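**Student:** File query_5.txt below, compact mmCIF, C-alpha atoms and all ligand atoms:
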```txt
# COMPACT_ATOMS: atom_id res chain seq x y z
CA MET A 12 -45.72 25.58 55.62
CA GLY A 13 -44.01 28.80 56.71
CA ASN A 14 -42.00 27.07 59.44
CA VAL A 15 -40.61 24.37 57.20
CA ARG A 16 -38.41 25.18 54.23
CA TRP A 17 -36.61 23.07 51.66
CA ARG A 18 -32.99 23.65 50.72
CA MET A 19 -30.84 22.18 47.94
CA LEU A 20 -27.74 20.76 49.59
CA SER A 21 -26.16 19.46 46.42
CA PRO A 22 -24.62 21.71 43.76
CA PRO A 23 -26.86 22.82 40.86
CA ARG A 24 -25.41 20.25 38.46
CA PRO A 25 -26.57 16.79 37.49
CA GLY A 26 -24.97 14.07 39.62
CA ALA A 27 -25.79 10.54 40.74
CA VAL A 28 -27.59 11.86 43.82
CA ALA A 29 -29.31 15.14 44.71
CA LEU A 30 -29.89 16.04 48.35
CA ILE A 31 -32.83 18.23 49.38
CA ALA A 32 -33.18 19.07 53.07
CA LEU A 33 -36.50 19.81 54.77
CA GLU A 34 -35.70 22.15 57.64
CA ALA A 35 -38.14 22.89 60.48
CA THR A 36 -37.85 24.99 63.63
CA SER A 37 -38.94 22.12 65.92
CA ASP A 38 -39.51 18.39 65.78
CA THR A 39 -43.30 18.98 66.01
CA GLU A 40 -43.12 21.13 62.88
CA LEU A 41 -41.02 18.50 61.13
CA THR A 42 -43.56 15.79 61.96
CA ARG A 43 -46.40 18.00 60.70
CA ALA A 44 -44.53 18.65 57.45
CA ALA A 45 -43.80 14.95 57.02
CA ASP A 46 -47.52 14.20 57.50
CA MET A 47 -48.38 16.71 54.78
CA LEU A 48 -45.94 14.99 52.44
CA GLY A 49 -47.18 11.51 53.36
CA LEU A 50 -43.79 10.56 54.84
CA ARG A 51 -43.17 8.57 58.00
CA VAL A 52 -40.67 10.32 60.28
CA PRO A 53 -37.74 7.93 60.71
CA ALA A 54 -35.48 7.71 63.76
CA ILE A 55 -32.47 9.99 63.47
CA GLY A 56 -29.95 8.41 61.08
CA ALA A 57 -32.38 5.75 59.75
CA LEU A 58 -32.92 5.45 56.00
CA MET A 59 -36.36 4.94 54.44
CA LEU A 60 -37.24 4.20 50.82
CA ARG A 61 -40.36 5.50 49.11
CA ASP A 62 -41.92 6.60 45.90
CA PHE A 63 -42.02 10.39 45.73
CA TRP A 64 -45.26 11.18 43.94
CA GLY A 65 -44.48 8.98 40.96
CA ILE A 66 -41.45 11.15 40.18
CA ASP A 67 -38.66 9.19 41.84
CA ARG A 68 -38.20 6.16 44.06
CA ALA A 69 -35.56 7.30 46.50
CA LEU A 70 -34.20 7.23 50.03
CA TYR A 71 -34.80 9.78 52.73
CA SER A 72 -33.35 10.10 56.18
CA ARG A 73 -33.66 12.22 59.30
CA TRP A 74 -30.43 13.94 60.27
CA SER A 75 -31.67 15.75 63.41
CA ASP A 76 -34.87 16.69 65.29
CA GLU A 77 -35.45 19.49 62.80
CA GLN A 78 -34.05 18.16 59.53
CA MET A 79 -34.94 15.42 57.05
CA VAL A 80 -33.04 14.89 53.82
CA LEU A 81 -34.41 13.49 50.55
CA MET A 82 -31.70 11.60 48.60
CA LEU A 83 -33.01 11.70 45.06
CA HIS A 84 -31.63 10.53 41.76
CA GLY A 85 -29.63 13.52 40.61
CA GLY A 86 -30.82 14.22 37.05
CA HIS A 87 -32.18 17.72 36.32
CA ALA A 88 -35.69 16.52 35.45
CA VAL A 89 -36.19 14.63 38.72
CA VAL A 90 -34.83 17.44 40.87
CA ARG A 91 -36.89 20.09 39.11
CA ALA A 92 -40.10 18.03 39.40
CA ILE A 93 -39.56 17.35 43.13
CA CYS A 94 -38.80 21.03 43.84
CA ASP A 95 -41.96 22.05 41.93
CA GLU A 96 -43.95 19.54 43.96
CA LEU A 97 -42.58 20.91 47.27
CA ASN A 98 -43.44 24.46 46.16
CA ARG A 99 -46.91 23.34 45.07
CA ARG A 100 -47.47 21.85 48.53
CA GLY A 101 -46.68 25.19 50.13
CA PHE A 102 -43.07 24.70 51.21
CA GLU A 103 -40.72 27.60 50.59
CA GLU A 104 -37.19 27.37 49.33
CA ALA A 105 -34.45 28.44 51.74
CA SER A 106 -31.46 30.07 50.09
CA SER A 107 -28.74 27.63 49.11
CA SER A 108 -25.16 28.16 48.11
CA ASP A 109 -23.18 26.30 45.48
CA ASP A 110 -20.73 25.29 48.16
CA ALA A 111 -23.05 22.89 49.95
CA ALA A 112 -22.74 22.86 53.70
CA PHE A 113 -23.60 19.81 55.73
CA PRO A 114 -24.04 21.08 59.29
CA GLU A 115 -25.65 17.86 60.43
CA ALA A 116 -22.75 15.64 59.42
CA SER A 117 -21.33 14.00 62.52
CA SER A 118 -17.72 14.11 61.33
CA ARG A 119 -15.52 15.83 58.75
CA ILE A 120 -15.34 12.62 56.72
CA GLU A 121 -19.13 12.41 56.67
CA ALA A 122 -19.41 16.01 55.43
CA LEU A 123 -16.79 15.36 52.73
CA MET A 124 -18.55 12.13 51.82
CA LEU A 125 -21.90 13.87 51.40
CA ARG A 126 -20.29 16.50 49.20
CA ALA A 127 -18.60 13.83 47.05
CA LEU A 128 -21.87 11.90 46.88
CA CYS A 129 -23.58 14.93 45.37
CA ARG A 130 -20.88 15.47 42.80
CA THR A 131 -20.09 12.05 41.44
CA PRO A 132 -21.80 11.18 38.14
CA SER A 133 -21.07 7.46 38.70
CA SER A 134 -23.62 5.34 40.57
CA LEU A 135 -20.82 2.83 41.19
CA ALA A 136 -19.32 5.30 43.67
CA LEU A 137 -22.37 5.49 45.91
CA ASP A 138 -22.01 2.43 48.16
CA LEU A 139 -18.27 2.96 48.42
CA LEU A 140 -18.68 6.60 49.49
CA LEU A 141 -21.49 5.82 51.93
CA ASP A 142 -19.24 3.27 53.66
CA GLN A 143 -16.26 5.64 54.08
CA PRO A 144 -17.21 7.22 57.45
CA ARG A 145 -17.41 3.69 58.94
CA ARG A 146 -14.08 2.66 57.39
CA TRP A 147 -12.30 5.81 58.57
CA ALA A 148 -13.73 5.46 62.09
CA VAL A 149 -11.55 2.37 62.66
CA PRO A 150 -8.58 3.42 64.88
CA GLY A 151 -5.36 3.80 62.86
CA ALA A 152 -7.22 3.69 59.50
CA THR A 153 -5.04 4.73 56.56
CA SER A 154 -5.52 4.49 52.82
CA GLU A 155 -3.10 3.44 50.09
CA PRO A 156 -2.26 6.36 47.75
CA GLN A 157 -2.14 4.00 44.78
CA ARG A 158 -5.66 2.72 45.41
CA ASP A 159 -6.89 6.27 46.12
CA ALA A 160 -5.64 7.27 42.66
CA ARG A 161 -7.18 4.21 41.02
CA LEU A 162 -10.59 5.07 42.48
CA ARG A 163 -10.39 8.73 41.43
CA PRO A 164 -12.26 8.19 38.12
CA LEU A 165 -15.32 7.34 40.23
CA LEU A 166 -15.46 11.07 41.03
CA ILE A 167 -13.89 12.67 37.96
CA PRO A 168 -14.68 10.93 34.67
CA ALA A 169 -11.68 9.40 32.92
CA MET A 170 -11.17 9.84 29.18
CA VAL A 171 -11.41 6.88 26.80
CA VAL A 172 -10.24 7.56 23.24
CA ALA A 173 -11.03 5.12 20.43
CA VAL A 174 -8.58 5.17 17.51
CA GLY A 175 -7.99 3.04 14.45
CA PRO A 176 -8.01 2.84 10.67
CA SER A 177 -10.92 4.18 8.64
CA ASN A 178 -14.18 2.34 7.97
CA ILE A 179 -13.82 -0.46 10.52
CA GLY A 180 -16.84 0.34 12.73
CA LYS A 181 -15.48 2.74 15.39
CA SER A 182 -18.47 5.09 15.17
CA THR A 183 -20.90 2.19 15.02
CA LEU A 184 -19.33 0.96 18.24
CA ALA A 185 -19.62 4.43 19.83
CA ASN A 186 -23.31 4.56 18.93
CA ALA A 187 -23.93 1.03 20.19
CA LEU A 188 -22.23 1.81 23.51
CA ALA A 189 -24.12 5.09 23.86
CA GLY A 190 -27.40 3.43 22.88
CA ARG A 191 -28.11 6.33 20.51
CA GLY A 192 -26.71 8.03 17.44
CA VAL A 193 -23.81 10.17 18.62
CA SER A 194 -21.51 9.71 15.64
CA LEU A 195 -22.22 9.38 11.88
CA VAL A 196 -21.83 5.93 10.35
CA ALA A 197 -21.44 5.01 6.65
CA ASP A 198 -19.78 2.34 4.59
CA GLU A 199 -17.11 4.63 3.26
CA PRO A 200 -13.75 5.72 4.62
CA GLY A 201 -13.57 9.21 6.09
CA THR A 202 -17.09 9.28 7.52
CA THR A 203 -16.05 10.75 10.86
CA ARG A 204 -14.50 14.15 10.05
CA ASP A 205 -13.74 15.35 13.53
CA HIS A 206 -13.63 13.74 16.95
CA VAL A 207 -16.93 13.29 18.80
CA GLY A 208 -17.00 13.17 22.60
CA PHE A 209 -19.80 12.22 24.97
CA LEU A 210 -20.37 10.95 28.49
CA LEU A 211 -20.82 7.21 28.59
CA ASP A 212 -22.09 5.11 31.50
CA LEU A 213 -20.09 1.87 31.69
CA ALA A 214 -22.23 -0.21 34.06
CA GLY A 215 -22.22 2.51 36.73
CA LEU A 216 -18.93 4.20 35.85
CA VAL A 217 -19.24 7.39 33.79
CA VAL A 218 -16.38 8.15 31.39
CA ARG A 219 -15.75 10.72 28.66
CA TYR A 220 -15.67 8.67 25.47
CA VAL A 221 -14.13 10.10 22.31
CA ASP A 222 -14.71 8.65 18.83
CA THR A 223 -12.03 9.83 16.38
CA PRO A 224 -11.80 10.04 12.57
CA GLY A 225 -10.19 6.94 11.09
CA VAL A 226 -6.65 7.19 9.85
CA ARG A 227 -6.21 6.59 6.10
CA ALA A 228 -3.41 7.33 3.68
CA GLU A 229 -5.40 9.17 0.98
CA ALA A 230 -7.22 11.58 3.33
CA PRO A 231 -7.62 15.20 2.20
CA ALA A 232 -5.67 17.91 4.07
CA LEU A 233 -8.56 19.01 6.30
CA GLU A 234 -9.22 15.44 7.40
CA ARG A 235 -5.52 14.90 8.11
CA GLU A 236 -5.61 17.99 10.32
CA ALA A 237 -8.67 16.62 12.18
CA VAL A 238 -6.84 13.31 12.64
CA ARG A 239 -3.79 15.15 13.97
CA HIS A 240 -6.01 16.90 16.56
CA ALA A 241 -7.64 13.62 17.49
CA MET A 242 -4.30 11.92 17.93
CA GLU A 243 -3.29 14.64 20.38
CA LEU A 244 -6.22 13.43 22.48
CA VAL A 245 -4.54 10.02 22.57
CA GLY A 246 -1.85 11.68 24.69
CA GLN A 247 -4.49 12.80 27.21
CA ALA A 248 -6.39 9.51 27.31
CA ASP A 249 -6.63 7.39 30.44
CA VAL A 250 -7.57 4.44 28.24
CA VAL A 251 -6.83 4.12 24.52
CA LEU A 252 -9.25 1.81 22.72
CA HIS A 253 -6.92 0.60 20.01
CA CYS A 254 -9.15 -0.72 17.23
CA GLY A 255 -8.63 -2.85 14.14
CA ASP A 256 -10.74 -5.41 12.28
CA GLY A 257 -10.35 -8.48 10.08
CA ARG A 258 -8.97 -6.37 7.23
CA SER A 259 -6.99 -3.64 8.98
CA SER A 260 -4.59 -3.93 11.87
CA PRO A 261 -4.60 -1.26 14.59
CA LEU A 262 -2.48 1.83 14.09
CA ASP A 263 1.11 1.85 15.20
CA LEU A 264 0.64 3.91 18.40
CA ASP A 265 4.38 4.46 18.81
CA GLY A 266 4.50 5.72 15.23
CA LEU A 267 2.01 8.52 16.10
CA GLY A 268 4.74 10.28 18.03
CA VAL A 269 2.30 11.13 20.83
CA PRO A 270 3.53 9.91 24.21
CA LEU A 271 0.79 8.29 26.28
CA LYS A 272 -0.12 9.79 29.65
CA ALA A 273 1.59 8.15 32.63
CA GLY A 274 -0.46 5.17 33.78
CA ALA A 275 -2.60 5.15 30.61
CA LYS A 276 -3.90 1.74 29.57
CA VAL A 277 -4.26 0.41 26.05
CA LEU A 278 -7.08 -2.02 25.25
CA ARG A 279 -6.68 -3.71 21.85
CA VAL A 280 -10.03 -4.47 20.29
CA ALA A 281 -10.90 -6.28 17.05
CA LEU A 282 -14.15 -4.85 15.61
CA ARG A 283 -16.72 -6.40 13.21
CA ARG A 284 -15.93 -9.89 14.42
CA ASP A 285 -19.07 -11.20 12.71
CA LEU A 286 -17.33 -10.48 9.36
CA GLY A 287 -14.20 -12.48 10.14
CA VAL A 288 -11.45 -13.13 12.63
CA ALA A 289 -8.73 -10.51 13.01
CA SER A 290 -5.15 -11.62 12.52
CA PHE A 291 -3.54 -9.25 15.03
CA PRO A 292 -3.32 -10.01 18.77
CA SER A 293 -6.24 -8.35 20.59
CA ASP A 294 -7.54 -8.27 24.16
CA LEU A 295 -11.05 -8.88 22.92
CA SER A 296 -13.10 -8.94 19.73
CA VAL A 297 -16.54 -7.42 19.38
CA SER A 298 -19.33 -6.86 16.93
CA ALA A 299 -21.95 -4.15 17.09
CA LYS A 300 -24.36 -6.90 16.04
CA GLN A 301 -23.55 -9.10 19.06
CA PRO A 302 -24.78 -7.46 22.29
CA GLU A 303 -22.98 -9.96 24.56
CA SER A 304 -19.65 -8.93 23.02
CA LEU A 305 -20.47 -5.29 23.77
CA ALA A 306 -21.28 -6.20 27.37
CA GLN A 307 -17.83 -7.83 27.60
CA LEU A 308 -16.23 -4.69 26.22
CA VAL A 309 -18.10 -2.52 28.76
CA ARG A 310 -16.78 -4.72 31.59
CA ALA A 311 -13.22 -4.68 30.20
CA LEU A 312 -13.28 -0.90 29.73
CA ARG A 313 -14.67 -0.33 33.21
CA HIS A 314 -11.98 -2.58 34.66
CA ALA A 315 -9.28 -0.73 32.68
CA VAL A 316 -10.48 2.61 34.10
CA VAL A 317 -11.12 1.46 37.68
CA PRO A 318 -9.92 -2.08 38.48
CA ASP A 319 -12.55 -4.31 40.11
CA GLU A 320 -10.09 -5.12 42.96
CA ALA A 321 -9.87 -1.43 43.88
CA ILE A 322 -13.68 -1.16 44.02
CA GLY A 323 -14.02 -4.37 46.04
CA HIS A 324 -11.18 -3.59 48.48
CA PRO A 325 -12.57 -3.17 52.02
CA GLY A 326 -10.00 -0.54 53.13
CA PRO A 327 -10.62 3.21 53.53
CA TRP A 328 -10.44 5.49 50.51
CA ARG A 329 -9.03 9.03 50.65
CA PHE A 330 -11.60 10.40 48.21
CA TRP A 331 -11.16 14.11 48.96
CA GLU A 332 -8.54 16.62 47.86
CA ASP A 333 -6.96 18.83 50.48
CA ALA A 334 -7.76 22.50 49.99
N1 LIG B 401 -21.17 -6.54 9.87
C1 LIG B 401 -20.82 -5.49 10.63
N2 LIG B 401 -20.74 -4.27 10.08
C2 LIG B 401 -20.39 -3.23 10.88
C3 LIG B 401 -20.10 -3.41 12.26
N3 LIG B 401 -19.74 -2.22 12.77
C4 LIG B 401 -19.81 -1.34 11.76
N4 LIG B 401 -20.19 -1.94 10.60
C5 LIG B 401 -20.33 -1.29 9.28
O1 LIG B 401 -19.04 -0.83 8.89
C6 LIG B 401 -19.16 0.38 8.13
C7 LIG B 401 -18.25 1.45 8.70
O2 LIG B 401 -18.72 1.82 9.99
P1 LIG B 401 -18.31 3.15 10.74
O3 LIG B 401 -18.80 2.99 12.13
O4 LIG B 401 -18.73 4.37 10.00
O5 LIG B 401 -16.71 3.04 10.70
P2 LIG B 401 -15.62 4.06 11.27
O6 LIG B 401 -14.47 3.23 11.73
O7 LIG B 401 -16.22 4.99 12.24
O8 LIG B 401 -15.20 4.83 9.95
P3 LIG B 401 -14.47 6.30 9.82
O9 LIG B 401 -15.35 7.28 10.51
O10 LIG B 401 -14.36 6.52 8.35
O11 LIG B 401 -13.14 6.15 10.47
C8 LIG B 401 -20.63 0.74 8.14
O12 LIG B 401 -21.23 0.29 6.95
C9 LIG B 401 -21.19 -0.03 9.32
O13 LIG B 401 -22.56 -0.36 9.19
C10 LIG B 401 -20.20 -4.72 12.81
O14 LIG B 401 -19.96 -4.99 14.00
N5 LIG B 401 -20.56 -5.73 11.96
MG MG B 402 -16.34 7.00 12.22
```
Starting from the coordinates I provided, produce the structure as structure tokens.
Ligand SMILES: Nc1nc2c(ncn2[C@@H]2O[C@H](COP(=O)(O)OP(=O)(O)OP(=O)(O)O)[C@@H](O)[C@H]2O)c(=O)[nH]1
Ligand SMILES: [Mg+2]
**Tutor:**
Amino acid sequence: MGNVRWRMLSPPRPGAVALIALEATSDTELTRAADMLGLRVPAIGALMLRDFWGIDRALYSRWSDEQMVLMLHGGHAVVRAICDELNRRGFEEASSSDDAAFPEASSRIEALMLRALCRTPSSLALDLLLDQPRRWAVPGATSEPQRDARLRPLLIPAMVVAVGPSNIGKSTLANALAGRGVSLVADEPGTTRDHVGFLLDLAGLVVRYVDTPGVRAEAPALEREAVRHAMELVGQADVVLHCGDGRSSPLDLDGLGVPLKAGAKVLRVALRRDLGVASFPSDLSVSAKQPESLAQLVRALRHAVVPDEAIGHPGPWRFWEDA
């Protein structure tokens, strides 16, 4: 298909969405290419959903007479498999740049929106971003800087740092939230020797989650040093998950001597609730053995990072940074 090429519009990084354009030199060529791919050619601007060769179920749209855009799920494996399939079917790759251009966008907001769409790791951002051109098209539309800032973690992952005494289940919680073993667990104090960070999807909102070594009085020097490093992260956290359990109360955060970041939230959580009720005041209590309690924690954490009201607010969002 010499007259039709494919071009990556999104940056070469995993994101919630990857955009691949099919570019022809005429609408006849575009229709011919669509036929070869088994796609119906939609009206300009219309969205269609289909299964792409068993690789991905995704939307595609036609942006002009000569251009269709596949809006795939943005993981590396999906994108690579779709690109291989396009190559196998005789389509050539057109050169792409990291700084994706969106010549077919009908407004600046739409171009910015498409760029943001490609970059966000959070699926929760998708509907909100897609609706922004419509919201900004209303005469006199303005956003509220406070809400803009609250929604920012939809584009740039916020940092959640879990801290607490030793041997109360912090790493077990991290593993349960991640759904895999990211941090060592054992029934002895001092199991986590250094902080462990990973990206965590909280029901559509991706955050950087950090599990830290527990704080204990009799820790050896190296462990105390690791704890000191971890506690510095508390000062950079957007949300501190302040953990205790039935036997140990949470740490005295003020006593750490690390000032929290402006606007940081603290969520007090009692762990291992199946072993007994904690005596300190907590926002919620969870057990790694009780999935419904973990689901509650996921909701509470997500709300602490991006409040539900900000997501549900119908007003426009200034989601871009000025150059
Ligand atoms: N019954 C019960 N046991 C748990 C739960 N969560 C963790 N545990 C157990 O508690 C012990 C300590 O768990 P860890 O996750 O290693 O604790 P930690 O707070 O990370 O410990 P440090 O890394 O030393 O700070 C292990 O034996 C876990 O199996 C829970 O929800 N219920
Ligand atoms: Mg641990």
**Student:** Could you list, as a CSV table (one decimal) with C-alpha atoms, keeping the file's coordinate frame, all residues that come within 10 Å of ligand LIG 401 (chain B)? Count only C-alpha atoms and all ligand atoms.
**Tutor:**
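The new file pocket-v3.csv reads:
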```csv
chain,number,residue,atom,x,y,z
A,173,ALA,CA,-11.0,5.1,20.4
A,174,VAL,CA,-8.6,5.2,17.5
A,175,GLY,CA,-8.0,3.0,14.4
A,176,PRO,CA,-8.0,2.8,10.7
A,177,SER,CA,-10.9,4.2,8.6
A,178,ASN,CA,-14.2,2.3,8.0
A,179,ILE,CA,-13.8,-0.5,10.5
A,180,GLY,CA,-16.8,0.3,12.7
A,181,LYS,CA,-15.5,2.7,15.4
A,182,SER,CA,-18.5,5.1,15.2
A,183,THR,CA,-20.9,2.2,15.0
A,184,LEU,CA,-19.3,1.0,18.2
A,185,ALA,CA,-19.6,4.4,19.8
A,186,ASN,CA,-23.3,4.6,18.9
A,187,ALA,CA,-23.9,1.0,20.2
A,194,SER,CA,-21.5,9.7,15.6
A,195,LEU,CA,-22.2,9.4,11.9
A,196,VAL,CA,-21.8,5.9,10.4
A,197,ALA,CA,-21.4,5.0,6.6
A,198,ASP,CA,-19.8,2.3,4.6
A,199,GLU,CA,-17.1,4.6,3.3
A,200,PRO,CA,-13.8,5.7,4.6
A,201,GLY,CA,-13.6,9.2,6.1
A,202,THR,CA,-17.1,9.3,7.5
A,203,THR,CA,-16.0,10.8,10.9
A,204,ARG,CA,-14.5,14.2,10.0
A,205,ASP,CA,-13.7,15.4,13.5
A,206,HIS,CA,-13.6,13.7,17.0
A,222,ASP,CA,-14.7,8.6,18.8
A,223,THR,CA,-12.0,9.8,16.4
A,224,PRO,CA,-11.8,10.0,12.6
A,225,GLY,CA,-10.2,6.9,11.1
A,226,VAL,CA,-6.6,7.2,9.8
A,227,ARG,CA,-6.2,6.6,6.1
A,238,VAL,CA,-6.8,13.3,12.6
A,254,CYS,CA,-9.2,-0.7,17.2
A,255,GLY,CA,-8.6,-2.8,14.1
A,256,ASP,CA,-10.7,-5.4,12.3
A,281,ALA,CA,-10.9,-6.3,17.0
A,282,LEU,CA,-14.2,-4.8,15.6
A,283,ARG,CA,-16.7,-6.4,13.2
A,284,ARG,CA,-15.9,-9.9,14.4
A,285,ASP,CA,-19.1,-11.2,12.7
A,286,LEU,CA,-17.3,-10.5,9.4
A,287,GLY,CA,-14.2,-12.5,10.1
A,296,SER,CA,-13.1,-8.9,19.7
A,297,VAL,CA,-16.5,-7.4,19.4
A,298,SER,CA,-19.3,-6.9,16.9
A,299,ALA,CA,-22.0,-4.2,17.1
A,300,LYS,CA,-24.4,-6.9,16.0
A,301,GLN,CA,-23.6,-9.1,19.1
A,302,PRO,CA,-24.8,-7.5,22.3
A,304,SER,CA,-19.6,-8.9,23.0
A,305,LEU,CA,-20.5,-5.3,23.8
```
**Student:** Between A:Asp265, A:Asp294, A:Val309, A:Val221, which has the minimum distance to ligand MG 402 (chain B) (counting only C-alpha atoms and all ligand atoms)?
**Tutor:**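 Going through A:Asp265, A:Asp294, A:Val309, A:Val221 one by one, the smallest distance to ligand MG 402 (chain B) is for A:Val221.
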**Student:** How many Å separate atom CA of A:Pro156 from atom CA of A:Glu243?
**Tutor:**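 According to the coordinates, atom CA of A:Pro156 and atom CA of A:Glu243 are separated by 28.6 Å.
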**Student:** So, counting only C-alpha atoms, which residue among A:Ala122, A:Met242, A:Leu48, A:Ala315 is closest to A:Leu213?
**Tutor:** A:Ala315
**Student:** So, with all atoms listed in the file as the atoms that count, which of A:Cys94, A:Ala228, A:Val207, A:Ala54 lies closest to A:His240?
**Tutor:**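 When distances to A:His240 are compared using all atoms listed in the file, the smallest one comes from A:Val207.
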